[in-house]
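Structure below is entry-v5.csv: CSV, C-alpha atoms.
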```
chain,number,residue,atom,x,y,z
A,138,MET,CA,83.6,88.0,112.7
A,139,ALA,CA,86.2,85.3,113.0
A,140,PRO,CA,85.9,83.0,116.0
A,141,LEU,CA,88.0,84.1,119.0
A,142,PRO,CA,90.9,81.9,119.9
A,143,LYS,CA,90.7,79.8,123.2
A,144,SER,CA,92.7,82.4,125.1
A,145,LEU,CA,89.9,85.0,124.5
A,146,LYS,CA,86.8,82.9,125.2
A,147,GLN,CA,87.2,83.5,128.9
A,148,GLU,CA,88.2,86.7,130.7
A,149,SER,CA,92.0,86.6,130.8
A,150,THR,CA,93.9,87.9,133.8
A,151,GLY,CA,97.0,88.5,131.6
A,152,SER,CA,99.8,86.2,130.5
A,153,ASN,CA,102.7,85.2,132.6
A,154,MET,CA,105.4,84.7,130.1
A,155,SER,CA,108.4,86.4,128.5
A,156,TYR,CA,107.9,87.8,125.0
A,157,ASP,CA,109.5,90.4,122.7
A,158,LEU,CA,106.7,92.7,121.6
A,159,PHE,CA,103.3,93.9,122.9
A,160,VAL,CA,101.3,95.1,119.9
A,161,PHE,CA,98.0,97.0,120.2
A,162,ALA,CA,95.3,97.6,117.6
A,163,GLY,CA,91.9,99.0,118.8
A,164,GLU,CA,89.9,99.3,115.5
A,165,VAL,CA,89.3,97.6,112.1
A,166,SER,CA,91.9,99.7,110.3
A,167,GLY,CA,94.5,99.0,113.0
A,168,ASP,CA,93.8,95.3,112.7
A,169,LEU,CA,94.5,95.5,109.0
A,170,HIS,CA,97.7,97.4,109.5
A,171,GLY,CA,98.6,95.1,112.3
A,172,GLU,CA,98.2,92.0,110.2
A,173,LYS,CA,100.6,93.3,107.5
A,174,LEU,CA,103.0,94.4,110.2
A,175,LEU,CA,103.0,91.1,112.0
A,176,LYS,CA,103.6,89.2,108.8
A,177,GLU,CA,106.7,91.3,108.1
A,178,LEU,CA,107.9,91.1,111.7
A,179,TYR,CA,107.7,87.3,111.6
A,180,ALA,CA,109.3,87.2,108.1
A,181,GLN,CA,112.3,89.2,109.4
A,182,ARG,CA,112.4,87.4,112.8
A,183,PRO,CA,110.7,84.0,112.7
A,184,ASP,CA,111.5,83.4,116.4
A,185,LEU,CA,109.8,86.6,117.5
A,186,LYS,CA,107.3,86.3,120.4
A,187,VAL,CA,104.3,88.7,120.2
A,188,VAL,CA,101.4,89.3,122.6
A,189,GLY,CA,98.8,92.0,122.5
A,190,VAL,CA,95.4,93.2,121.5
A,191,GLY,CA,94.1,92.6,118.0
A,192,GLY,CA,91.2,91.8,115.7
A,193,PRO,CA,90.5,88.7,113.6
A,194,LYS,CA,93.2,89.4,111.1
A,195,MET,CA,96.0,89.7,113.7
A,196,ARG,CA,94.7,86.7,115.5
A,197,ALA,CA,94.7,84.7,112.3
A,198,VAL,CA,98.4,85.5,111.8
A,199,GLY,CA,99.0,83.9,115.2
A,200,MET,CA,99.3,86.7,117.8
A,201,GLU,CA,98.2,85.8,121.3
A,202,CYS,CA,95.6,88.3,122.5
A,203,ILE,CA,94.9,89.2,126.1
A,204,LEU,CA,91.8,91.1,124.9
A,205,PRO,CA,90.0,91.2,121.5
A,206,MET,CA,90.1,94.4,119.4
A,207,GLU,CA,86.3,94.3,119.3
A,208,GLU,CA,86.2,95.5,122.9
A,209,PHE,CA,87.7,98.8,121.9
A,210,GLU,CA,85.6,99.7,118.8
A,211,VAL,CA,83.7,103.0,119.3
A,212,MET,CA,82.6,105.7,116.9
A,213,GLY,CA,81.9,109.4,117.4
A,214,PHE,CA,82.3,111.5,120.5
A,215,VAL,CA,79.1,110.4,122.1
A,216,ASP,CA,80.0,106.7,121.8
A,217,ILE,CA,83.5,107.3,123.3
A,218,LEU,CA,82.0,109.1,126.3
A,219,SER,CA,79.6,106.2,127.1
A,220,SER,CA,82.4,103.6,126.7
A,221,LEU,CA,84.9,105.4,129.0
A,222,PRO,CA,84.4,103.1,132.1
A,223,LYS,CA,85.0,99.9,130.1
A,224,LEU,CA,88.0,101.5,128.3
A,225,ARG,CA,89.5,102.5,131.7
A,226,ARG,CA,89.3,98.9,132.9
A,227,HIS,CA,91.0,97.6,129.8
A,228,PHE,CA,93.7,100.3,130.0
A,229,LYS,CA,94.7,99.2,133.5
A,230,LYS,CA,94.7,95.5,132.4
A,231,ILE,CA,97.0,96.3,129.5
A,232,GLU,CA,99.3,98.5,131.6
A,233,LYS,CA,99.6,95.8,134.2
A,234,GLU,CA,100.3,93.2,131.6
A,235,ILE,CA,103.2,95.1,130.1
A,236,LEU,CA,104.8,96.1,133.4
A,237,LYS,CA,104.5,92.5,134.7
A,238,ASN,CA,106.1,90.8,131.6
A,239,LYS,CA,108.5,93.5,130.5
A,240,PRO,CA,108.5,93.1,126.7
A,241,LYS,CA,111.4,94.7,124.8
A,242,GLY,CA,109.0,96.9,122.8
A,243,VAL,CA,105.4,98.1,122.8
A,244,VAL,CA,104.0,98.9,119.4
A,245,CYS,CA,100.7,100.9,119.4
A,246,ILE,CA,98.8,101.2,116.1
A,247,ASP,CA,96.9,104.4,115.6
A,248,TYR,CA,94.0,104.8,118.2
A,249,PRO,CA,95.8,107.8,119.7
A,250,GLY,CA,93.4,108.7,122.5
A,251,PHE,CA,94.1,105.4,124.2
A,252,ASN,CA,97.6,104.6,123.0
A,253,LEU,CA,99.3,107.9,123.8
A,254,ARG,CA,98.0,107.7,127.3
A,255,LEU,CA,99.4,104.2,127.5
A,256,ALA,CA,102.8,105.3,126.3
A,257,ASN,CA,102.9,108.1,128.9
A,258,ALA,CA,101.8,105.8,131.7
A,259,LEU,CA,104.5,103.3,130.8
A,260,ARG,CA,107.1,106.2,130.8
A,261,LYS,CA,106.0,107.3,134.2
A,262,LYS,CA,106.1,103.8,135.5
A,263,LYS,CA,109.7,103.5,134.1
A,264,SER,CA,108.9,100.6,131.8
A,265,SER,CA,112.0,99.4,130.0
A,266,ALA,CA,110.0,98.7,126.8
A,267,LYS,CA,110.7,100.8,123.8
A,268,ARG,CA,107.5,102.8,123.1
A,269,ILE,CA,106.8,102.9,119.4
A,270,HIS,CA,103.7,104.4,117.8
A,271,TYR,CA,102.7,103.3,114.3
A,272,ILE,CA,100.5,105.8,112.3
A,273,CYS,CA,100.7,109.4,113.5
A,274,PRO,CA,97.7,110.9,115.1
A,275,THR,CA,96.2,113.8,113.2
A,276,VAL,CA,98.1,116.4,115.1
A,277,TRP,CA,98.2,118.5,112.0
A,278,ALA,CA,94.4,118.7,112.0
A,279,TRP,CA,93.7,119.1,115.7
A,280,GLY,CA,95.3,118.4,119.0
A,281,LYS,CA,98.6,120.1,118.3
A,282,ARG,CA,99.1,120.2,122.0
A,283,ARG,CA,99.8,116.4,121.7
A,284,ILE,CA,103.1,117.1,119.9
A,285,PRO,CA,105.3,117.9,123.0
A,286,LYS,CA,103.6,115.1,124.9
A,287,MET,CA,104.4,112.6,122.1
A,288,GLU,CA,108.0,113.9,122.0
A,289,LYS,CA,108.3,113.2,125.7
A,290,SER,CA,106.6,109.8,125.9
A,291,LEU,CA,107.6,108.0,122.7
A,292,ASP,CA,110.9,106.5,121.5
A,293,GLU,CA,109.8,106.2,117.9
A,294,LEU,CA,107.0,107.5,115.7
A,295,LEU,CA,106.3,105.8,112.4
A,296,THR,CA,104.2,107.9,110.0
A,297,ILE,CA,102.3,107.0,106.9
A,298,LEU,CA,102.0,110.6,105.5
A,299,PRO,CA,105.1,112.2,104.1
A,300,PHE,CA,104.7,115.6,105.7
A,301,GLU,CA,104.2,114.3,109.2
A,302,PRO,CA,107.8,113.9,110.4
A,303,ASP,CA,108.5,117.6,109.9
A,304,LEU,CA,105.9,118.4,112.6
A,305,PHE,CA,108.2,117.0,115.3
A,306,SER,CA,111.6,118.1,116.7
A,307,LYS,CA,114.3,115.8,115.4
A,308,GLN,CA,116.2,116.4,118.6
A,309,LYS,CA,113.4,115.1,120.8
A,310,LEU,CA,111.7,112.3,118.8
A,311,ASN,CA,112.6,109.9,116.0
A,312,ALA,CA,109.8,110.4,113.5
A,313,THR,CA,110.1,108.4,110.3
A,314,TYR,CA,107.9,108.3,107.1
A,315,VAL,CA,107.7,104.6,106.3
A,316,GLY,CA,105.4,104.9,103.3
A,317,HIS,CA,101.7,104.5,103.1
A,318,PRO,CA,100.4,100.9,103.5
A,319,LEU,CA,98.0,101.3,100.6
A,320,ILE,CA,100.8,101.6,98.1
A,321,SER,CA,102.1,98.1,98.5
A,322,ARG,CA,98.6,96.7,99.1
A,323,ILE,CA,97.3,98.0,95.8
A,324,GLU,CA,100.5,97.2,93.9
A,325,ASN,CA,100.4,93.6,95.2
A,326,HIS,CA,96.7,93.0,94.6
A,327,GLU,CA,96.0,90.4,91.9
A,328,TYR,CA,93.1,91.7,90.0
A,329,ASP,CA,90.6,89.1,88.8
A,330,PRO,CA,90.1,89.7,85.1
A,331,ILE,CA,86.7,87.9,85.1
A,332,TRP,CA,85.3,89.2,88.4
A,333,HIS,CA,82.4,91.0,86.7
A,334,LYS,CA,80.9,87.8,85.3
A,335,GLY,CA,79.8,86.6,88.7
A,336,TYR,CA,77.7,89.8,89.0
A,337,GLY,CA,76.1,89.6,85.5
A,338,LEU,CA,78.2,92.5,84.2
A,339,ALA,CA,79.5,92.6,80.7
A,340,GLY,CA,82.7,94.4,81.6
A,341,GLU,CA,82.0,97.4,79.5
A,342,GLU,CA,79.4,99.3,81.7
A,343,GLN,CA,79.8,102.8,82.8
A,344,ILE,CA,79.7,102.3,86.6
A,345,LEU,CA,78.8,104.7,89.3
A,346,SER,CA,80.1,102.9,92.4
A,347,ILE,CA,79.0,103.6,96.0
A,348,PHE,CA,81.3,102.9,99.0
A,349,PRO,CA,79.0,103.5,102.0
A,350,GLY,CA,81.5,102.8,104.8
A,351,SER,CA,83.2,100.1,106.9
A,352,ARG,CA,81.1,100.7,110.1
A,353,GLU,CA,77.4,100.1,110.5
A,354,LYS,CA,76.7,103.6,111.8
A,355,GLU,CA,78.6,105.2,108.8
A,356,LEU,CA,76.6,103.0,106.4
A,357,VAL,CA,73.2,103.7,108.0
A,358,ARG,CA,73.8,107.5,108.0
A,359,ASN,CA,75.3,107.8,104.6
A,360,PHE,CA,74.0,105.1,102.3
A,361,PRO,CA,70.3,106.2,102.0
A,362,THR,CA,71.4,109.6,100.6
A,363,GLN,CA,74.1,108.2,98.5
A,364,LEU,CA,71.8,105.6,96.9
A,365,LYS,CA,68.9,108.0,96.3
A,366,VAL,CA,71.2,110.5,94.5
A,367,ALA,CA,72.8,107.7,92.5
A,368,GLN,CA,69.4,106.5,91.4
A,369,GLU,CA,68.3,110.0,90.4
A,370,ILE,CA,71.4,110.4,88.3
A,371,GLN,CA,70.8,107.0,86.7
A,372,ARG,CA,67.3,108.1,85.6
A,373,GLU,CA,69.1,110.9,83.7
A,374,TYR,CA,71.7,108.5,82.3
A,375,PRO,CA,70.0,105.2,81.8
A,376,ASP,CA,73.2,103.5,80.6
A,377,LEU,CA,74.8,104.1,84.0
A,378,THR,CA,75.2,101.1,86.2
A,379,ILE,CA,75.0,101.5,90.0
A,380,ALA,CA,77.2,99.1,92.0
A,381,VAL,CA,77.5,99.2,95.8
A,382,SER,CA,80.7,97.9,97.5
A,383,CYS,CA,80.1,95.9,100.7
A,384,SER,CA,83.0,96.3,103.1
A,385,ASN,CA,82.0,93.4,105.3
A,386,GLU,CA,80.0,90.3,104.7
A,387,LYS,CA,77.8,91.1,107.7
A,388,PHE,CA,76.4,94.2,105.8
A,389,LEU,CA,75.2,92.1,102.8
A,390,PRO,CA,71.6,91.7,104.1
A,391,LEU,CA,71.3,95.4,104.8
A,392,LEU,CA,72.6,96.4,101.4
A,393,LYS,CA,70.8,93.8,99.3
A,394,LYS,CA,67.4,94.7,100.7
A,395,GLU,CA,67.6,97.9,98.6
A,396,LYS,CA,67.6,95.6,95.5
A,397,VAL,CA,70.8,97.1,94.0
A,398,LEU,CA,73.9,95.3,92.7
A,399,VAL,CA,76.2,94.6,95.7
A,400,ILE,CA,79.8,93.8,95.2
A,401,LYS,CA,81.5,91.5,97.8
A,402,PRO,CA,84.4,92.7,99.8
A,403,GLU,CA,87.0,90.6,97.9
A,404,HIS,CA,86.2,92.5,94.7
A,405,ARG,CA,86.3,96.1,96.0
A,406,TYR,CA,89.6,96.9,94.1
A,407,GLU,CA,88.2,95.4,90.9
A,408,LEU,CA,85.1,97.6,91.3
A,409,MET,CA,87.3,100.6,91.9
A,410,ARG,CA,89.3,100.0,88.8
A,411,ALA,CA,86.2,99.5,86.7
A,412,SER,CA,84.4,102.6,88.0
A,413,HIS,CA,83.7,105.7,86.0
A,414,LEU,CA,83.1,107.7,89.1
A,415,ALA,CA,82.3,107.0,92.8
A,416,ILE,CA,80.4,108.3,95.9
A,417,ALA,CA,82.3,107.3,99.1
A,418,THR,CA,81.9,107.8,102.8
A,419,SER,CA,85.0,109.5,104.1
A,420,GLY,CA,87.7,107.2,105.3
A,421,THR,CA,90.7,105.2,104.0
A,422,VAL,CA,88.6,104.1,101.0
A,423,THR,CA,88.8,107.7,99.5
A,424,LEU,CA,92.6,107.3,99.3
A,425,GLU,CA,92.2,103.9,97.7
A,426,LEU,CA,89.9,105.4,95.1
A,427,ALA,CA,92.5,108.2,94.5
A,428,LEU,CA,95.2,105.7,94.0
A,429,HIS,CA,93.0,104.0,91.4
A,430,HIS,CA,92.5,107.4,89.8
A,431,ILE,CA,88.7,107.3,90.2
A,432,PRO,CA,86.9,110.7,90.4
A,433,THR,CA,85.0,110.6,93.7
A,434,VAL,CA,82.6,112.7,95.7
A,435,VAL,CA,83.1,112.2,99.5
A,436,THR,CA,80.3,112.3,102.1
A,437,PHE,CA,80.3,112.1,105.8
A,438,ALA,CA,76.9,112.4,107.7
A,439,ILE,CA,77.3,113.0,111.4
A,440,THR,CA,74.8,113.8,114.1
A,441,PRO,CA,74.1,117.5,115.1
A,442,LEU,CA,75.6,116.7,118.5
A,443,ASP,CA,78.8,115.4,117.0
A,444,VAL,CA,79.0,118.5,114.8
A,445,PHE,CA,78.6,120.7,117.9
A,446,LEU,CA,81.3,118.9,119.8
A,447,ALA,CA,83.7,118.9,116.9
A,448,GLN,CA,83.4,122.6,116.3
A,449,ASN,CA,82.9,124.0,119.8
A,450,VAL,CA,84.7,121.6,122.1
A,451,PHE,CA,87.4,120.0,120.0
A,452,GLN,CA,87.7,123.0,117.7
A,453,ILE,CA,88.2,121.0,114.5
A,454,ASN,CA,88.1,123.5,111.7
A,455,LEU,CA,90.0,122.3,108.6
A,456,PRO,CA,89.9,123.5,105.0
A,457,HIS,CA,89.6,119.8,104.0
A,458,TYR,CA,88.7,116.6,105.8
A,459,ALA,CA,89.0,113.9,103.1
A,460,LEU,CA,92.4,112.2,103.2
A,461,PRO,CA,93.3,112.8,99.5
A,462,ASN,CA,92.5,116.5,99.9
A,463,ILE,CA,94.7,116.7,103.0
A,464,ILE,CA,97.6,115.1,101.2
A,465,HIS,CA,97.0,117.2,98.1
A,466,LYS,CA,96.5,120.4,100.2
A,467,GLY,CA,93.6,121.3,98.1
A,468,GLU,CA,90.3,120.0,96.7
A,469,LEU,CA,91.1,116.8,94.7
A,470,PHE,CA,87.7,115.3,95.6
A,471,PRO,CA,84.6,117.3,96.4
A,472,GLU,CA,83.6,116.7,100.0
A,473,LEU,CA,80.3,117.1,101.8
A,474,PHE,CA,80.5,116.9,105.6
A,475,GLY,CA,77.8,117.2,108.2
A,476,PRO,CA,75.3,120.0,107.4
A,477,SER,CA,76.9,120.4,104.0
A,478,LEU,CA,75.6,117.0,102.9
A,479,THR,CA,72.3,117.4,101.2
A,480,GLU,CA,70.8,115.5,98.3
A,481,ALA,CA,70.9,118.5,96.1
A,482,LYS,CA,74.5,119.3,96.7
A,483,LEU,CA,75.6,115.7,96.3
A,484,ARG,CA,73.6,115.4,93.0
A,485,LYS,CA,75.3,118.6,91.7
A,486,LYS,CA,78.8,117.4,92.5
A,487,VAL,CA,78.4,113.9,91.1
A,488,THR,CA,76.7,115.3,87.9
A,489,GLU,CA,79.7,117.6,87.3
A,490,PHE,CA,81.9,114.6,87.0
A,491,MET,CA,79.4,113.1,84.6
A,492,VAL,CA,79.1,116.1,82.2
A,493,SER,CA,82.5,117.8,82.4
A,494,GLU,CA,85.3,115.9,80.8
A,495,TYR,CA,87.7,118.6,81.9
A,496,LYS,CA,86.8,118.0,85.6
A,497,ARG,CA,87.2,114.3,85.2
A,498,SER,CA,90.5,114.4,83.4
A,499,SER,CA,91.9,117.1,85.8
A,500,CYS,CA,90.9,115.0,88.8
A,501,ILE,CA,92.5,111.9,87.3
A,502,GLU,CA,95.8,113.7,86.6
A,503,THR,CA,95.9,115.1,90.1
A,504,CYS,CA,95.3,111.5,91.5
A,505,LYS,CA,98.4,110.4,89.6
A,506,LYS,CA,100.5,113.2,91.1
A,507,LEU,CA,99.2,112.3,94.5
A,508,ARG,CA,100.4,108.7,94.0
A,509,ALA,CA,103.9,110.0,93.2
A,510,THR,CA,103.9,112.1,96.4
A,511,LEU,CA,103.5,109.1,98.5
A,512,GLY,CA,106.6,107.4,97.1
A,513,LYS,CA,107.4,103.7,96.8
A,514,LYS,CA,108.3,102.5,100.3
A,515,ASN,CA,106.6,99.3,101.6
A,516,ALA,CA,105.2,100.6,104.9
A,517,SER,CA,104.9,97.3,106.8
A,518,GLN,CA,108.3,96.2,105.7
A,519,GLU,CA,110.0,99.5,106.7
A,520,ALA,CA,108.1,99.7,110.0
A,521,ALA,CA,109.1,96.1,110.9
A,522,ARG,CA,112.7,96.8,110.2
A,523,ILE,CA,112.7,99.9,112.4
A,524,ILE,CA,110.9,98.1,115.2
A,525,LEU,CA,113.3,95.2,115.2
A,526,THR,CA,116.2,97.5,115.3
A,527,HIS,CA,114.9,99.1,118.4
A,528,ILE,CA,114.3,95.8,120.3
A,529,SER,CA,117.6,94.4,119.1
A,530,LYS,CA,119.4,97.2,121.0
A,531,GLU,CA,117.9,95.7,124.1
A,532,ASN,CA,119.6,92.4,123.7
```
Re-express the file's structure as structure tokens.
Amino acid sequence: MAPLPKSLKQESTGSNMSYDLFVFAGEVSGDLHGEKLLKELYAQRPDLKVVGVGGPKMRAVGMECILPMEEFEVMGFVDILSSLPKLRRHFKKIEKEILKNKPKGVVCIDYPGFNLRLANALRKKKSSAKRIHYICPTVWAWGKRRIPKMEKSLDELLTILPFEPDLFSKQKLNATYVGHPLISRIENHEYDPIWHKGYGLAGEEQILSIFPGSREKELVRNFPTQLKVAQEIQREYPDLTIAVSCSNEKFLPLLKKEKVLVIKPEHRYELMRASHLAIATSGTVTLELALHHIPTVVTFAITPLDVFLAQNVFQINLPHYALPNIIHKGELFPELFGPSLTEAKLRKKVTEFMVSEYKRSSCIETCKKLRATLGKKNASQEAARIILTHISKEN
């Protein structure tokens, strides 16, 4: 973790200054999107003053934080419930900060359970700040009751999936598809042509890659099954090389103790491009793999209690859960969630990509079509333009 700036080393009571934007990100993915967004905002308006909540990437860009993003990281329904008292305290602190300093705009990135409540609270308190939400909540999956609430409490919704704006009334809410952030990220990535040499690879191996997750709990729950199945398949195909992607340096000791080839975070895209096929824990990484045209089997191991809550309390019952499948509206990547994730089923799905050239080529062609569906917009650039248009109206 990057060191916290001085303003975060002690409990802050909030800033007492005038600024243009308050930006909030409450998890790792939001920090990544926030970093790109801030860079574009500063590029288009170098004099822009931004305060908010962010992680190491947003802090490195220079945003002053009243709270670190790390205070908001929770995973699974059980974790959320146990963290509610702390989240309530932080909520009140942020609400007070915004009402006190009156920024021209409030940009909330993803993290909908918290952020939509914040937008509604600011509306009720008659905050003059434009309320902008970047990255639409999964209202198409569950929580459709949120749609009218969002239409009432938001001034602008910036979506990263092309079908999302059509879910909202154009008369009630400006909802704009700004493109998916991964498009420009992958296009702008400078692939290292000799990356493999540092890992003792010849560059011609047939690689089965494993992407076990970006959070420790995801990794602990998914990686043992992923690795065991990969090793069983390797015994059938001795020329196959297993490579494990490490999403964060802090996971290196955990992964390396399994005595497998571990690829550092900075070479994850190089590994994707070099892979023959992959096993990946569900998340943004599955879309990254689809955009690299890599046949992938998706896993997501969750606790029985989380399964019960998802099905019976939150009533989540989708035909597909992996992001590429949702965008494709069908099975692009085989997915094994919760009780469906067993070693036997995972081995069967991975082996099918190994033995059937038809399944491989069909998957690759569908990945190419998926890429075309997402278009060519630079999401951060487009989002920054719309945000600045909103706050310029306040001048």
>> When you count all atoms listed in the file, which of these residues is closest to Val434 in chain A: A:Leu298, A:Leu483, A:Leu398, A:Val422?
In response: A:Leu483
>> Which residues are near range 424-430 of chain A? Cut-off 9 Å, only C-alpha atoms, ignore same chain within fewer than 5 positions. Put them as a list in words.
In response: Leu319, Ile320, Ile323, Tyr406, Met409, Arg410, Ala415, Ala417, Ala459, Leu460, Pro461, Leu469, Phe470, Cys500, Ile501, Glu502, Thr503, Cys504, Lys505, Leu507 and Arg508 of chain A
>> Can you measure CA of Lys241 in chain A to CA of Gly171 in chain A for me? One decimal in Å is fine.
In response: 17.9 Å
>> Please compute the CA of Val315 in chain A-CA of Arg268 in chain A distance, one decimal, in Å.
In response: 16.9 Å
> Expressed in Å to a single decimal, how great is the separation between CA of Ser477 in chain A and CA of Glu301 in chain A?
Replying inline: 28.5 Å
>> Applying 7 Å and only C-alpha atoms, which residues near Ile269 in chain A remain after dropping the ones on its own chain fewer than 4 positions away? List them as a PyMOL selection string.
In response: chain A and resi 243-245+291-294
>> List as a list in words the residues having at least one atom at most 9 Å from position (76.3, 106.4, 108.2) as given in the file, counting all atoms listed in the file.
In response: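 Those within range, by chain then number, are Pro349, Gly350, Arg352, Glu353, Lys354, Glu355, Leu356, Val357, Arg358, Asn359, Phe360, Pro361, Thr418, Phe437, Ala438 and Ile439 of chain A.
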>> From the options A:Glu494, A:Glu468, A:Glu403, A:Glu373, which residue's atoms come nearest to Glu386 in chain A, counting all atoms listed in the file?
In response: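 Closest to Glu386 in chain A, using all atoms listed in the file: A:Glu403.
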Which residues are close to Gly189 in chain A, i.e. within 10 Å by all atoms listed in the file, leaving aside same-chain residues fewer than 3 positions away? Reply as an mmCIF file with C-alpha atoms, in the frame of the given file.
```
data_model
loop_
_atom_site.group_PDB
_atom_site.id
_atom_site.type_symbol
_atom_site.label_atom_id
_atom_site.label_comp_id
_atom_site.auth_asym_id
_atom_site.auth_seq_id
_atom_site.Cartn_x
_atom_site.Cartn_y
_atom_site.Cartn_z
ATOM 1 C CA GLY A 151 97.000 88.500 131.600
ATOM 2 C CA SER A 152 99.800 86.200 130.500
ATOM 3 C CA LEU A 158 106.700 92.700 121.600
ATOM 4 C CA PHE A 159 103.300 93.900 122.900
ATOM 5 C CA VAL A 160 101.300 95.100 119.900
ATOM 6 C CA PHE A 161 98.000 97.000 120.200
ATOM 7 C CA ALA A 162 95.300 97.600 117.600
ATOM 8 C CA MET A 195 96.000 89.700 113.700
ATOM 9 C CA ARG A 196 94.700 86.700 115.500
ATOM 10 C CA MET A 200 99.300 86.700 117.800
ATOM 11 C CA GLU A 201 98.200 85.800 121.300
ATOM 12 C CA CYS A 202 95.600 88.300 122.500
ATOM 13 C CA ILE A 203 94.900 89.200 126.100
ATOM 14 C CA LEU A 204 91.800 91.100 124.900
ATOM 15 C CA PRO A 205 90.000 91.200 121.500
ATOM 16 C CA MET A 206 90.100 94.400 119.400
ATOM 17 C CA ILE A 231 97.000 96.300 129.500
ATOM 18 C CA GLU A 234 100.300 93.200 131.600
ATOM 19 C CA ILE A 235 103.200 95.100 130.100
ATOM 20 C CA VAL A 243 105.400 98.100 122.800
ATOM 21 C CA VAL A 244 104.000 98.900 119.400
ATOM 22 C CA CYS A 245 100.700 100.900 119.400
#
```
>> Between A:Pro441, A:Pro249, A:Thr433, A:Thr488, which residue has the minimum interatomic distance to Asn462 in chain A, considering all atoms listed in the file?
In response: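 Ranked by minimum distance to Asn462 in chain A, first place goes to A:Thr433.
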>> Applying 12 Å and only C-alpha atoms, which residues near Ala411 in chain A remain after dropping the ones on its own chain fewer than 3 positions away? List them as a PyMOL selection string.
In response: chain A and resi 328-333+338-346+378-380+404-408+414-415+426+429-432
Those selected residues, please, written with C-alpha atoms and delivered as a short mmCIF file (atom, residue, chain, number, x, y, z; two decimals), keeping the file's coordinate frame.
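Writing the result to part_7.cif gives the following:
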```
data_model
loop_
_atom_site.label_atom_id
_atom_site.label_comp_id
_atom_site.auth_asym_id
_atom_site.auth_seq_id
_atom_site.Cartn_x
_atom_site.Cartn_y
_atom_site.Cartn_z
CA TYR A 328 93.10 91.70 90.00
CA ASP A 329 90.60 89.10 88.80
CA PRO A 330 90.10 89.70 85.10
CA ILE A 331 86.70 87.90 85.10
CA TRP A 332 85.30 89.20 88.40
CA HIS A 333 82.40 91.00 86.70
CA LEU A 338 78.20 92.50 84.20
CA ALA A 339 79.50 92.60 80.70
CA GLY A 340 82.70 94.40 81.60
CA GLU A 341 82.00 97.40 79.50
CA GLU A 342 79.40 99.30 81.70
CA GLN A 343 79.80 102.80 82.80
CA ILE A 344 79.70 102.30 86.60
CA LEU A 345 78.80 104.70 89.30
CA SER A 346 80.10 102.90 92.40
CA THR A 378 75.20 101.10 86.20
CA ILE A 379 75.00 101.50 90.00
CA ALA A 380 77.20 99.10 92.00
CA HIS A 404 86.20 92.50 94.70
CA ARG A 405 86.30 96.10 96.00
CA TYR A 406 89.60 96.90 94.10
CA GLU A 407 88.20 95.40 90.90
CA LEU A 408 85.10 97.60 91.30
CA LEU A 414 83.10 107.70 89.10
CA ALA A 415 82.30 107.00 92.80
CA LEU A 426 89.90 105.40 95.10
CA HIS A 429 93.00 104.00 91.40
CA HIS A 430 92.50 107.40 89.80
CA ILE A 431 88.70 107.30 90.20
CA PRO A 432 86.90 110.70 90.40
#
```
>> Would you pick out the contacts of Ile370 in chain A at 8 Å or less, using all atoms listed in the file, so that residues sharing its chain but fewer than 4 positions from it are not included, and give the list as a PyMOL selection string?
In response: chain A and resi 366+374+484+488
> So which one's closest to Gly167 in chain A, A:Glu232, A:Asp376, A:Glu207, A:Asp247? Using all atoms listed in the file, please.
Replying inline: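 Selected residue with least distance to Gly167 in chain A: A:Asp247.
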Within 10 Å of (108.4, 87.2, 125.6) in the file's own coordinates, which protein, DNA or RNA residues have an atom, counting all atoms listed in the file? List them as a PDB file with C-alpha atoms, in the coordinates of the input.
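Final output, out_15.pdb:
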```
ATOM      1  CA  SER A 152      99.800  86.200 130.500  1.00  0.00           C
ATOM      2  CA  ASN A 153     102.700  85.200 132.600  1.00  0.00           C
ATOM      3  CA  MET A 154     105.400  84.700 130.100  1.00  0.00           C
ATOM      4  CA  SER A 155     108.400  86.400 128.500  1.00  0.00           C
ATOM      5  CA  TYR A 156     107.900  87.800 125.000  1.00  0.00           C
ATOM      6  CA  ASP A 157     109.500  90.400 122.700  1.00  0.00           C
ATOM      7  CA  LEU A 158     106.700  92.700 121.600  1.00  0.00           C
ATOM      8  CA  PHE A 159     103.300  93.900 122.900  1.00  0.00           C
ATOM      9  CA  LEU A 185     109.800  86.600 117.500  1.00  0.00           C
ATOM     10  CA  LYS A 186     107.300  86.300 120.400  1.00  0.00           C
ATOM     11  CA  VAL A 187     104.300  88.700 120.200  1.00  0.00           C
ATOM     12  CA  VAL A 188     101.400  89.300 122.600  1.00  0.00           C
ATOM     13  CA  ASN A 238     106.100  90.800 131.600  1.00  0.00           C
ATOM     14  CA  LYS A 239     108.500  93.500 130.500  1.00  0.00           C
ATOM     15  CA  PRO A 240     108.500  93.100 126.700  1.00  0.00           C
ATOM     16  CA  LYS A 241     111.400  94.700 124.800  1.00  0.00           C
TER      17      LYS A 241
END
```
